[in-house]
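Colleague: Okay, so here is data_28.txt, and as you'll see once you scroll down, it has compact mmCIF, C-alpha atoms.
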```txt
# COMPACT_ATOMS: atom_id res chain seq x y z
CA MET G 95 106.06 89.13 94.44
CA LYS G 96 107.89 85.82 94.05
CA ILE G 97 111.45 86.15 92.75
CA LEU G 98 113.70 83.49 91.23
CA LEU G 99 117.30 84.38 92.12
CA ALA G 100 120.11 82.50 90.37
CA GLU G 101 123.55 83.48 91.73
CA ASP G 102 126.53 81.14 92.11
CA ASP G 103 128.37 83.32 94.65
CA PRO G 104 126.98 81.94 97.94
CA ASN G 105 127.82 85.07 99.93
CA LEU G 106 126.24 87.50 97.48
CA GLY G 107 123.28 85.19 96.90
CA THR G 108 122.57 84.93 100.63
CA ILE G 109 122.86 88.69 101.11
CA LEU G 110 120.55 89.43 98.16
CA LYS G 111 118.00 86.90 99.35
CA ALA G 112 117.96 88.29 102.89
CA TYR G 113 117.70 91.89 101.67
CA LEU G 114 114.85 91.22 99.26
CA GLU G 115 112.95 89.15 101.81
CA ALA G 116 113.31 92.02 104.28
CA LYS G 117 111.68 94.22 101.62
CA GLY G 118 108.69 91.89 101.43
CA PHE G 119 109.55 89.71 98.44
CA GLY G 120 109.41 85.94 98.33
CA VAL G 121 112.80 84.69 97.11
CA LYS G 122 114.15 81.29 96.09
CA LEU G 123 117.93 81.12 95.62
CA PHE G 124 119.75 78.74 93.27
CA VAL G 125 123.49 78.46 92.70
CA ASN G 126 123.37 77.23 89.11
CA GLY G 127 121.14 77.71 86.10
CA GLU G 128 120.06 74.09 85.81
CA ASP G 129 118.55 73.99 89.30
CA ALA G 130 116.91 77.36 88.69
CA LEU G 131 115.29 76.08 85.47
CA LYS G 132 113.98 72.96 87.21
CA ALA G 133 112.36 75.17 89.84
CA TYR G 134 110.89 77.48 87.19
CA LEU G 135 109.28 74.49 85.47
CA LYS G 136 107.65 73.39 88.72
CA GLU G 137 106.30 76.65 90.14
CA PRO G 138 105.39 80.17 89.00
CA PHE G 139 107.72 83.13 89.52
CA GLU G 140 106.89 86.77 88.86
CA PHE G 141 110.45 88.10 88.49
CA CYS G 142 113.86 86.60 87.61
CA ILE G 143 117.28 87.86 88.72
CA LEU G 144 119.98 85.91 86.88
CA ASP G 145 123.74 86.01 87.23
CA VAL G 146 125.34 85.75 83.78
CA MET G 147 128.34 83.59 84.76
CA MET G 148 127.12 80.41 86.47
CA PRO G 149 128.19 76.76 86.41
CA VAL G 150 126.20 73.99 84.67
CA LYS G 151 123.95 76.51 82.85
CA ASP G 152 124.87 80.19 82.45
CA GLY G 153 122.43 83.06 82.84
CA PHE G 154 121.98 83.65 79.10
CA SER G 155 121.11 79.99 78.47
CA LEU G 156 118.75 79.99 81.44
CA ALA G 157 117.02 83.15 80.18
CA LYS G 158 116.55 81.61 76.72
CA ASP G 159 114.88 78.57 78.30
CA ILE G 160 112.66 80.77 80.48
CA ARG G 161 111.63 82.84 77.46
CA LYS G 162 110.46 79.65 75.72
CA ILE G 163 108.08 79.13 78.65
CA ASP G 164 107.10 82.72 79.43
CA LYS G 165 107.75 85.60 77.06
CA ASN G 166 106.69 88.26 79.56
CA VAL G 167 108.19 87.50 82.98
CA PRO G 168 110.67 90.29 83.86
CA ILE G 169 114.35 89.30 83.71
CA LEU G 170 117.18 91.30 85.30
CA PHE G 171 120.77 90.18 84.62
CA LEU G 172 123.60 90.52 87.12
CA THR G 173 127.02 90.62 85.50
CA ALA G 174 130.60 91.18 86.56
CA LYS G 175 131.32 92.20 83.00
CA ASN G 176 130.61 95.54 81.43
CA MET G 177 131.22 94.60 77.81
CA GLN G 178 128.86 96.03 75.21
CA GLU G 179 128.50 92.59 73.58
CA ASP G 180 127.14 91.07 76.80
CA VAL G 181 124.65 93.88 77.25
CA ILE G 182 123.46 93.50 73.66
CA GLU G 183 123.25 89.71 74.03
CA GLY G 184 121.15 90.09 77.16
CA PHE G 185 118.66 92.42 75.52
CA LYS G 186 118.45 90.20 72.43
CA ILE G 187 117.42 87.30 74.65
CA GLY G 188 114.69 89.45 76.12
CA ALA G 189 116.17 90.94 79.30
CA ASP G 190 114.42 93.93 80.81
CA ASP G 191 117.54 95.38 82.41
CA TYR G 192 120.98 94.53 83.81
CA LEU G 193 123.18 95.51 86.73
CA THR G 194 126.98 95.46 86.70
CA LYS G 195 128.68 94.24 89.87
CA PRO G 196 129.35 95.73 92.30
CA PHE G 197 126.00 97.46 92.82
CA SER G 198 124.10 98.85 95.78
CA MET G 199 121.08 97.11 97.23
CA GLU G 200 119.11 100.33 96.87
CA GLU G 201 119.82 100.42 93.12
CA LEU G 202 118.73 96.79 92.79
CA LEU G 203 115.46 97.55 94.54
CA LEU G 204 114.83 100.59 92.34
CA ARG G 205 115.45 98.55 89.20
CA ILE G 206 113.10 95.78 90.35
CA ASN G 207 110.34 98.27 91.13
CA ALA G 208 110.77 100.15 87.84
CA ILE G 209 110.73 96.95 85.76
CA SER G 210 107.70 95.66 87.67
CA ARG G 211 105.77 98.87 87.03
CA ARG G 212 106.50 98.63 83.30
CA ALA G 213 105.48 94.97 83.24
CA VAL G 214 102.18 95.71 84.97
CA SER G 215 101.51 98.61 82.62
CA GLU G 216 102.10 96.44 79.55
CA LYS G 217 99.99 93.62 80.99
CA ASN G 218 97.13 96.02 81.60
CA LYS G 219 97.33 97.18 78.01
CA GLU G 220 96.92 93.61 76.78
CA SER G 221 93.14 93.26 76.89
CA GLN G 222 91.32 89.96 77.15
CA LYS G 223 89.05 91.05 74.32
CA THR G 224 88.97 88.84 71.25
CA PHE G 225 86.42 90.82 69.21
CA PHE G 226 87.15 94.33 67.96
CA GLN G 227 85.40 97.03 65.94
CA ILE G 228 87.81 98.87 63.63
CA GLY G 229 85.77 101.50 61.79
CA LYS G 230 83.55 99.47 59.45
CA TYR G 231 85.62 96.36 60.06
CA THR G 232 85.13 93.69 62.69
CA PHE G 233 88.06 91.57 63.84
CA ASP G 234 87.53 88.21 65.55
CA PHE G 235 90.92 87.35 67.01
CA SER G 236 89.84 83.91 68.26
CA ARG G 237 88.85 82.91 64.70
CA GLN G 238 91.55 85.04 63.02
CA ILE G 239 88.96 86.64 60.76
CA LEU G 240 88.78 90.27 59.60
CA SER G 241 85.39 91.19 58.13
CA ILE G 242 83.81 94.11 56.29
CA GLU G 243 80.41 94.35 54.60
CA GLY G 244 79.88 90.59 54.62
CA GLU G 245 83.35 89.73 53.33
CA ASP G 246 85.58 87.58 55.57
CA LEU G 247 89.35 87.45 55.33
CA LYS G 248 91.21 84.66 57.13
CA LEU G 249 94.42 86.02 58.68
CA THR G 250 97.60 84.14 59.53
CA SER G 251 98.65 83.71 63.16
CA LYS G 252 101.25 86.48 62.95
CA GLU G 253 98.84 88.84 61.17
CA SER G 254 96.22 88.19 63.86
CA SER G 255 98.66 88.64 66.74
CA LEU G 256 99.99 91.88 65.28
CA LEU G 257 96.51 93.25 64.59
CA LYS G 258 95.38 92.38 68.12
CA MET G 259 98.32 94.24 69.65
CA LEU G 260 97.39 97.25 67.51
CA CYS G 261 93.70 96.96 68.52
CA ASP G 262 94.65 96.68 72.20
CA ARG G 263 96.33 100.08 71.78
CA MET G 264 93.83 101.66 69.41
CA ASN G 265 94.79 105.32 68.76
CA ASP G 266 97.97 104.77 70.79
CA VAL G 267 101.48 103.74 69.75
CA LEU G 268 102.48 100.09 69.59
CA ASP G 269 106.17 99.97 70.41
CA ARG G 270 108.08 98.36 67.53
CA SER G 271 110.52 96.45 69.73
CA LEU G 272 107.74 95.12 71.96
CA ALA G 273 105.81 93.73 68.99
CA LEU G 274 108.94 92.08 67.62
CA LYS G 275 109.78 90.45 70.94
CA ARG G 276 106.23 89.27 71.57
CA ILE G 277 105.50 87.91 68.09
CA TRP G 278 108.89 87.23 66.46
CA MET G 279 110.70 86.59 69.78
CA ASP G 280 113.61 88.80 68.72
CA ASP G 281 113.90 92.41 67.55
CA ASN G 282 116.78 91.85 65.15
CA TYR G 283 117.06 93.54 61.76
CA PHE G 284 115.66 90.66 59.71
CA ASN G 285 112.60 90.21 61.94
CA ALA G 286 112.04 93.97 61.77
CA ARG G 287 111.97 93.79 57.97
CA SER G 288 109.56 90.86 58.19
CA MET G 289 107.26 92.85 60.47
CA ASP G 290 107.28 95.73 57.98
CA VAL G 291 105.93 93.30 55.37
CA TYR G 292 103.14 92.25 57.74
CA ILE G 293 102.30 95.88 58.50
CA ALA G 294 102.03 96.52 54.74
CA LYS G 295 99.68 93.51 54.44
CA LEU G 296 97.46 94.75 57.26
CA ARG G 297 97.40 98.21 55.74
CA LYS G 298 96.22 96.67 52.44
CA TYR G 299 93.53 94.63 54.22
CA LEU G 300 92.21 97.74 55.98
CA LYS G 301 92.12 100.09 52.96
CA LYS G 302 88.41 99.53 52.21
CA ASP G 303 87.52 101.94 55.02
CA PRO G 304 89.11 105.38 54.41
CA ASN G 305 88.56 106.27 58.07
CA VAL G 306 90.95 103.52 59.19
CA GLU G 307 94.68 104.26 59.10
CA LEU G 308 97.71 102.23 60.14
CA LEU G 309 100.38 104.83 60.72
CA ASN G 310 104.15 104.66 61.09
CA VAL G 311 105.31 106.63 64.14
CA HIS G 312 108.91 107.50 63.37
CA GLY G 313 111.41 106.05 65.82
CA LYS G 314 108.69 104.44 67.94
CA GLY G 315 106.38 102.04 66.18
CA PHE G 316 102.89 101.94 64.73
CA LYS G 317 99.46 103.35 65.50
CA LEU G 318 96.07 102.05 64.41
CA VAL G 319 93.59 104.92 64.06
CA ALA G 320 89.89 104.59 63.34
CA SER G 321 88.14 107.95 63.06
CA GLU G 322 84.36 108.52 62.98
```
Translate the structure of the given file into structure tokens.
Modeller:
Amino acid sequence: MKILLAEDDPNLGTILKAYLEAKGFGVKLFVNGEDALKAYLKEPFEFCILDVMMPVKDGFSLAKDIRKIDKNVPILFLTAKNMQEDVIEGFKIGADDYLTKPFSMEELLLRINAISRRAVSEKNKESQKTFFQIGKYTFDFSRQILSIEGEDLKLTSKESSLLKMLCDRMNDVLDRSLALKRIWMDDNYFNARSMDVYIAKLRKYLKKDPNVELLNVHGKGFKLVASE
């Protein structure tokens, strides 16, 4: 796995790079966020470890720019701070986890492996299918069309993306926060209310088949169920 490491402390950066390379990772080290972003634009990375406090471009700004390019690449923040606001800010940007300095190398490795397993699991759930059968309905994601009994309904981009995520996890729970981050790019309160409106719209579109249900799963998210 190829890791982008952005850390302005040359001693810590060198130690981290050497340790991770010894564990079999490919690592490129950058001492400021601007150089790290230039590298990210030129070549693919599968994991990002970003120090929050860096010159030229800080870790939060770098993460925002990376998220514009790739919404799914895992991001782990390194921070000397332990303030709740910084943790919240990091997760709002789309971080997968954070480590407060000082930390052990073993803990870093465990976090990387855990995040990577989750990322692979989510990626596997995202099917390459573009055509779905939902009870009596058919859904053509590529054309954004939901059909039943000869009637076609043209969906919006957000409606289509949300329905596809539900179809990819048919009869399983779609995590609310994941859907918000993937489609709305942020899981804040206002986007959550917006998603509730879209869920209500999808529920209305699907009501012609009584065997199809779009359920709220309290505290978790939503589940699309199509019974025989």
Colleague: Tell me which protein, DNA and RNA residues are within 9 Å of Leu296 of chain G, counting only C-alpha atoms, leaving out same-chain ones fewer than 2 positions away, and put them as a short mmCIF file (atom, residue, chain, number, x, y, z; two decimals) with C-alpha atoms, in the coordinates of the input.
Modeller:
```cif
data_model
loop_
_atom_site.label_atom_id
_atom_site.label_comp_id
_atom_site.auth_asym_id
_atom_site.auth_seq_id
_atom_site.Cartn_x
_atom_site.Cartn_y
_atom_site.Cartn_z
CA GLU G 253 98.84 88.84 61.17
CA LEU G 256 99.99 91.88 65.28
CA LEU G 257 96.51 93.25 64.59
CA VAL G 291 105.93 93.30 55.37
CA TYR G 292 103.14 92.25 57.74
CA ILE G 293 102.30 95.88 58.50
CA ALA G 294 102.03 96.52 54.74
CA LYS G 298 96.22 96.67 52.44
CA TYR G 299 93.53 94.63 54.22
CA LEU G 300 92.21 97.74 55.98
CA LYS G 301 92.12 100.09 52.96
CA LEU G 308 97.71 102.23 60.14
#
```
Colleague: Using all atoms listed in the file, can you tell me which of G:Pro196, G:Ala157, G:Met259, G:Phe233 comes closest to Leu247 of chain G?
Modeller: G:Phe233
Colleague: Restricting the calculation to only C-alpha atoms, which member of G:Ile277, G:Asn207, G:Leu172, G:Lys258 is positioned closest to Phe226 of chain G?
Modeller: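 Using only C-alpha atoms, the shortest distance to Phe226 of chain G belongs to G:Lys258.
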Colleague: Compile a residue-level contact table for segment 150-177 of chain G against segment 111-124 of chain G at a cut-off of 12 Å, reporting for every qualifying residue the shortest atom pair and its distance in Å to one decimal, with only C-alpha atoms counted, rows ordered by chain and ascending number, as JSON lines.
Modeller:
```
{"residue": "G:Val150", "atom": "CA", "partner": "G:Phe124", "partner_atom": "CA", "distance": 11.8}
{"residue": "G:Lys151", "atom": "CA", "partner": "G:Phe124", "partner_atom": "CA", "distance": 11.5}
{"residue": "G:Gly153", "atom": "CA", "partner": "G:Phe124", "partner_atom": "CA", "distance": 11.6}
{"residue": "G:Leu156", "atom": "CA", "partner": "G:Phe124", "partner_atom": "CA", "distance": 11.9}
```
Colleague: Can you tell me how far atom CA of Trp278 of chain G sits from atom CA of Lys96 of chain G, in Å to one decimal?
Modeller: 27.6 Å
